[in-house]
Amino acid sequence: IIANIVKTFKYIYGLRFEVQGLENFEVEGPCVIVSNHQSILDMMGLMEILPDDCVQIGKKELLYTGPVGLIMYLGGVIFINRKSTSNAKTVMSGVAQTMLDENVKVWVYPEGTRNGNGDLLPFKKGAFHLAVQAQANLFTVLYSSFTSFYNPAKKLFISGKIRVEVLQPIETKGLTAEDVADLTERCYCTMRETFFRLSGTAREPLASRHNGLLPDP
Ligand SMILES: CCCCCCCCCCCCCCC(=O)SCCNC(=O)CCNC(=O)[C@H](O)C(C)(C)COP(=O)(O)OP(=O)(O)OC[C@H]1O[C@@H](n2cnc3c(N)ncnc32)[C@H](O)[C@@H]1OP(=O)(O)O
Ligand SMILES: CCCCCCCC/C=C\CCCCCCCC(=O)OC[C@@H](O)COP(=O)(O)O
């Protein structure tokens with residue numbers, strides 16, 4: 001119900017979605033889906049391709065946003081306390097079990113916050129631990145940059161097209177916690193390349209963006 005309502009918002013905002021690779025989602029079983037997160041507008045992009053039985057991880061502050069918080073709660077959003085890694089880890093361990101018991105998919109924004117600067121922030125590892133703990137497929141989804149039609153700093157908000165790509169699933173069978181750092185980095189590099197390709201923007205070296213937090217692939 002929520003998805004069908006939010007999907008109509010694109011007509012009000014003059015946004016078009018061009019989706020590729022949706023057939024990649026046609027794999028049975030629980031999975032973790034990770035995507036980039038630029039703005040609240042992502043909620044439209046999320047609902048545009050949301051598979052059945054899929055819930056999202058959200059910051060707990062969203063629960064206290066009145067009716068919207070209530071809708072999210074009823075929609076199954078899993079709220080985490082980003083300020084407490086141990087608390088978030090405990091919640092997410094429970095999620096891994098629920099994914100298996102109830103065959104659900106979980107959508108995570110691994111940047112952990114919105115970022116509209118035309119690049120990806122370094123990834124948090126929770127989503128990748130989750131996929132490994134559940135031994136579930138990991139899907140990566142990219143939305144092209146919004147900067148050409150939406151830029152709050154420049155007070156720009158016009159109609160525009162968002163290119164979306166669902167990449168091939170990555171298997172995590174046999175991976176352990178020790179593989180998470182490598183898995184995270186591999187996904188980051190692939191997703192960043194795809195983001196720049198979809199956005200039609202030049203790729204900048206990682207070091208200049210993130211002060212060397214991640215090595216240049
Ligand atoms: C009318 C219309 C109404 C419309 C309604 C629409 C509904 C749609 C709802 C959509 C909701 C969307 C909400 C979007 C958001 O809120 S995004 C923000 C919240 N989400 C996240 O933050 C997820 C991403 N973050 C993570 O996954 C983090 O990893 C986190 C678990 C939160 C921990 O964060 P942090 O400590 O800052 O980061 P690290 O990743 O660096 O982790 C630190 C060390 O802990 C290890 N770790 C992390 N997770 C685990 C785990 N699950 N199990 C074991 N270990 C874990 C990690 O490896 C780090 O250790 P090392 O450095 O590797 O030693
Ligand atoms: C000016 C643009 C306004 C357009 C709004 C149209 C989109 C409407 C779609 C759904 C209605 C509201 C749903 C609210 C859900 C908000 C999810 C969200 O984006 O939370 C932010 C969170 O991830 C990270 O927070 P921070 O970046 O760390 O703080």
# chains A, B, ... in the order shown; residues from 1 in each chain; ligands from 1

$ residues_around --residues "Asp182 in chain A" --least-positions-apart "4" --cutoff "12 Å" --atoms "only C-alpha atoms" --output "number ranges by chain"
A: 123, 125, 128-129, 132, 172, 175-178, 186-189, 214-215, 217

$ write_last_selection --atoms "N, CA and C atoms" --output "tab-separated table (two decimals), in the first residue's frame"
chain	number	residue	atom	x	y	z
A	123	PHE	N	31.59	3.16	2.94
A	123	PHE	CA	30.49	2.33	3.42
A	123	PHE	C	30.69	1.87	4.86
A	125	LYS	N	29.76	-1.18	7.60
A	125	LYS	CA	29.86	-2.62	7.28
A	125	LYS	C	28.62	-3.44	7.65
A	128	PHE	N	26.86	-5.74	5.13
A	128	PHE	CA	27.69	-6.83	4.62
A	128	PHE	C	27.81	-7.94	5.67
A	129	HIS	N	27.89	-7.53	6.94
A	129	HIS	CA	27.84	-8.52	8.02
A	129	HIS	C	26.51	-9.26	7.97
A	132	VAL	N	26.41	-11.84	5.23
A	132	VAL	CA	27.26	-12.98	5.55
A	132	VAL	C	26.64	-13.82	6.67
A	172	THR	N	27.10	-15.01	-0.93
A	172	THR	CA	27.95	-14.93	0.27
A	172	THR	C	28.12	-16.29	0.93
A	175	LEU	N	31.24	-17.41	3.02
A	175	LEU	CA	32.00	-16.27	3.54
A	175	LEU	C	31.83	-16.19	5.06
A	176	THR	N	32.84	-15.64	5.73
A	176	THR	CA	32.77	-15.48	7.19
A	176	THR	C	33.00	-14.00	7.52
A	177	ALA	N	32.94	-13.71	8.83
A	177	ALA	CA	33.13	-12.32	9.27
A	177	ALA	C	34.47	-11.77	8.77
A	178	GLU	N	35.43	-12.63	8.60
A	178	GLU	CA	36.75	-12.17	8.15
A	178	GLU	C	36.74	-11.64	6.72
A	186	ARG	N	34.88	-4.36	-2.16
A	186	ARG	CA	34.58	-4.75	-3.55
A	186	ARG	C	33.27	-4.12	-4.00
A	187	CYS	N	32.26	-4.19	-3.12
A	187	CYS	CA	30.96	-3.60	-3.47
A	187	CYS	C	31.08	-2.10	-3.65
A	188	TYR	N	31.85	-1.48	-2.76
A	188	TYR	CA	32.01	-0.02	-2.84
A	188	TYR	C	32.59	0.38	-4.19
A	189	CYS	N	33.64	-0.33	-4.60
A	189	CYS	CA	34.31	0.02	-5.86
A	189	CYS	C	33.37	-0.18	-7.04
A	214	LEU	N	39.75	4.85	2.02
A	214	LEU	CA	39.76	3.60	1.26
A	214	LEU	C	40.83	3.74	0.17
A	215	PRO	N	41.52	2.66	-0.18
A	215	PRO	CA	42.53	2.76	-1.22
A	215	PRO	C	41.91	2.95	-2.60
A	217	PRO	N	41.01	1.91	-6.10
A	217	PRO	CA	40.98	0.54	-6.66
A	217	PRO	C	41.91	0.42	-7.87

$ closest_atom_pairs --of "chain A" --to "ligand 1" --cutoff "6 Å" --atoms "only C-alpha atoms and all ligand atoms" --output "JSON lines"
{"residue": "A:Val6", "atom": "CA", "partner": "ligand 1", "partner_atom_place_in_ligand_line": "2 (C)", "distance": 5.9}
{"residue": "A:Met43", "atom": "CA", "partner": "ligand 1", "partner_atom_place_in_ligand_line": "8 (C)", "distance": 6.0}
{"residue": "A:Gln56", "atom": "CA", "partner": "ligand 1", "partner_atom_place_in_ligand_line": "11 (C)", "distance": 5.4}
{"residue": "A:Ile57", "atom": "CA", "partner": "ligand 1", "partner_atom_place_in_ligand_line": "20 (N)", "distance": 5.4}
{"residue": "A:Gly58", "atom": "CA", "partner": "ligand 1", "partner_atom_place_in_ligand_line": "16 (O)", "distance": 3.3}
{"residue": "A:Lys59", "atom": "CA", "partner": "ligand 1", "partner_atom_place_in_ligand_line": "16 (O)", "distance": 4.0}
{"residue": "A:Val68", "atom": "CA", "partner": "ligand 1", "partner_atom_place_in_ligand_line": "3 (C)", "distance": 5.1}
{"residue": "A:Ile71", "atom": "CA", "partner": "ligand 1", "partner_atom_place_in_ligand_line": "5 (C)", "distance": 5.9}
{"residue": "A:Met72", "atom": "CA", "partner": "ligand 1", "partner_atom_place_in_ligand_line": "7 (C)", "distance": 4.9}
{"residue": "A:Arg82", "atom": "CA", "partner": "ligand 1", "partner_atom_place_in_ligand_line": "32 (C)", "distance": 4.6}
{"residue": "A:Thr85", "atom": "CA", "partner": "ligand 1", "partner_atom_place_in_ligand_line": "36 (O)", "distance": 4.2}
{"residue": "A:Ala88", "atom": "CA", "partner": "ligand 1", "partner_atom_place_in_ligand_line": "31 (C)", "distance": 4.9}
{"residue": "A:Lys89", "atom": "CA", "partner": "ligand 1", "partner_atom_place_in_ligand_line": "52 (N)", "distance": 4.3}
{"residue": "A:Met92", "atom": "CA", "partner": "ligand 1", "partner_atom_place_in_ligand_line": "52 (N)", "distance": 5.2}
{"residue": "A:Ser93", "atom": "CA", "partner": "ligand 1", "partner_atom_place_in_ligand_line": "52 (N)", "distance": 5.8}
{"residue": "A:Val108", "atom": "CA", "partner": "ligand 1", "partner_atom_place_in_ligand_line": "23 (C)", "distance": 5.5}
{"residue": "A:Tyr109", "atom": "CA", "partner": "ligand 1", "partner_atom_place_in_ligand_line": "23 (C)", "distance": 5.3}
{"residue": "A:Pro110", "atom": "CA", "partner": "ligand 1", "partner_atom_place_in_ligand_line": "24 (C)", "distance": 4.3}
{"residue": "A:Gly112", "atom": "CA", "partner": "ligand 1", "partner_atom_place_in_ligand_line": "22 (O)", "distance": 3.6}
{"residue": "A:Thr113", "atom": "CA", "partner": "ligand 1", "partner_atom_place_in_ligand_line": "18 (C)", "distance": 4.9}
{"residue": "A:Lys124", "atom": "CA", "partner": "ligand 1", "partner_atom_place_in_ligand_line": "40 (O)", "distance": 3.4}
{"residue": "A:Lys125", "atom": "CA", "partner": "ligand 1", "partner_atom_place_in_ligand_line": "40 (O)", "distance": 3.7}
{"residue": "A:Gly126", "atom": "CA", "partner": "ligand 1", "partner_atom_place_in_ligand_line": "27 (O)", "distance": 3.2}
{"residue": "A:Ala127", "atom": "CA", "partner": "ligand 1", "partner_atom_place_in_ligand_line": "27 (O)", "distance": 5.0}
{"residue": "A:His129", "atom": "CA", "partner": "ligand 1", "partner_atom_place_in_ligand_line": "52 (N)", "distance": 4.9}
{"residue": "A:Leu130", "atom": "CA", "partner": "ligand 1", "partner_atom_place_in_ligand_line": "52 (N)", "distance": 5.5}

$ closest_atom_pairs --of "chain A" --to "ligand 2" --cutoff "10 Å" --atoms "only C-alpha atoms and all ligand atoms" --output "Markdown table"
| residue | atom | partner | partner_atom_place_in_ligand_line | distance |
| --- | --- | --- | --- | --- |
| A:Ile2 | CA | ligand 2 | 10 (C) | 9.1 |
| A:Ala3 | CA | ligand 2 | 10 (C) | 9.4 |
| A:Ile5 | CA | ligand 2 | 10 (C) | 9.0 |
| A:Val6 | CA | ligand 2 | 9 (C) | 5.8 |
| A:Lys7 | CA | ligand 2 | 9 (C) | 8.6 |
| A:Thr8 | CA | ligand 2 | 9 (C) | 9.8 |
| A:Phe9 | CA | ligand 2 | 8 (C) | 6.9 |
| A:Lys10 | CA | ligand 2 | 6 (C) | 8.4 |
| A:Ile12 | CA | ligand 2 | 6 (C) | 9.3 |
| A:Tyr13 | CA | ligand 2 | 4 (C) | 7.8 |
| A:His37 | CA | ligand 2 | 23 (O) | 7.1 |
| A:Gln38 | CA | ligand 2 | 19 (O) | 8.1 |
| A:Ser39 | CA | ligand 2 | 19 (O) | 5.7 |
| A:Ile40 | CA | ligand 2 | 19 (O) | 3.9 |
| A:Leu41 | CA | ligand 2 | 7 (C) | 4.6 |
| A:Asp42 | CA | ligand 2 | 19 (O) | 6.8 |
| A:Met43 | CA | ligand 2 | 9 (C) | 4.8 |
| A:Met44 | CA | ligand 2 | 9 (C) | 5.6 |
| A:Gly45 | CA | ligand 2 | 9 (C) | 9.1 |
| A:Leu46 | CA | ligand 2 | 9 (C) | 9.3 |
| A:Met47 | CA | ligand 2 | 9 (C) | 8.9 |
| A:Ile57 | CA | ligand 2 | 23 (O) | 8.9 |
| A:Gly58 | CA | ligand 2 | 23 (O) | 6.3 |
| A:Lys59 | CA | ligand 2 | 22 (C) | 6.3 |
| A:Lys60 | CA | ligand 2 | 22 (C) | 9.4 |
| A:Glu61 | CA | ligand 2 | 25 (O) | 8.6 |
| A:Leu62 | CA | ligand 2 | 20 (O) | 6.8 |
| A:Leu63 | CA | ligand 2 | 15 (C) | 9.8 |
| A:Thr65 | CA | ligand 2 | 14 (C) | 8.5 |
| A:Pro67 | CA | ligand 2 | 12 (C) | 9.8 |
| A:Val68 | CA | ligand 2 | 13 (C) | 6.3 |
| A:Gly69 | CA | ligand 2 | 14 (C) | 8.0 |
| A:Ile71 | CA | ligand 2 | 13 (C) | 9.0 |
| A:Met72 | CA | ligand 2 | 15 (C) | 8.0 |
| A:Arg82 | CA | ligand 2 | 28 (O) | 9.1 |
| A:Val108 | CA | ligand 2 | 23 (O) | 9.6 |
| A:Tyr109 | CA | ligand 2 | 23 (O) | 7.5 |
| A:Glu111 | CA | ligand 2 | 24 (C) | 9.2 |
| A:Gly112 | CA | ligand 2 | 24 (C) | 6.6 |
| A:Thr113 | CA | ligand 2 | 28 (O) | 3.8 |
| A:Arg114 | CA | ligand 2 | 27 (O) | 3.8 |
| A:Asn115 | CA | ligand 2 | 27 (O) | 6.9 |
| A:Gly116 | CA | ligand 2 | 27 (O) | 9.6 |
| A:Tyr150 | CA | ligand 2 | 1 (C) | 8.2 |
| A:Asn151 | CA | ligand 2 | 1 (C) | 9.4 |
| A:Pro152 | CA | ligand 2 | 1 (C) | 7.9 |
| A:Lys155 | CA | ligand 2 | 1 (C) | 9.8 |
| A:Leu156 | CA | ligand 2 | 1 (C) | 9.7 |
| A:Phe157 | CA | ligand 2 | 1 (C) | 7.5 |

$ atom_distance --atom1 "CA of Gly66 in chain A" --atom2 "CA of Val91 in chain A"
22.8 Å

$ closest_residue --among "A:Ala136, A:Leu50, A:Ile162, A:Cys31" --to "Gly200 in chain A" --atoms "only C-alpha atoms"
A:Ile162
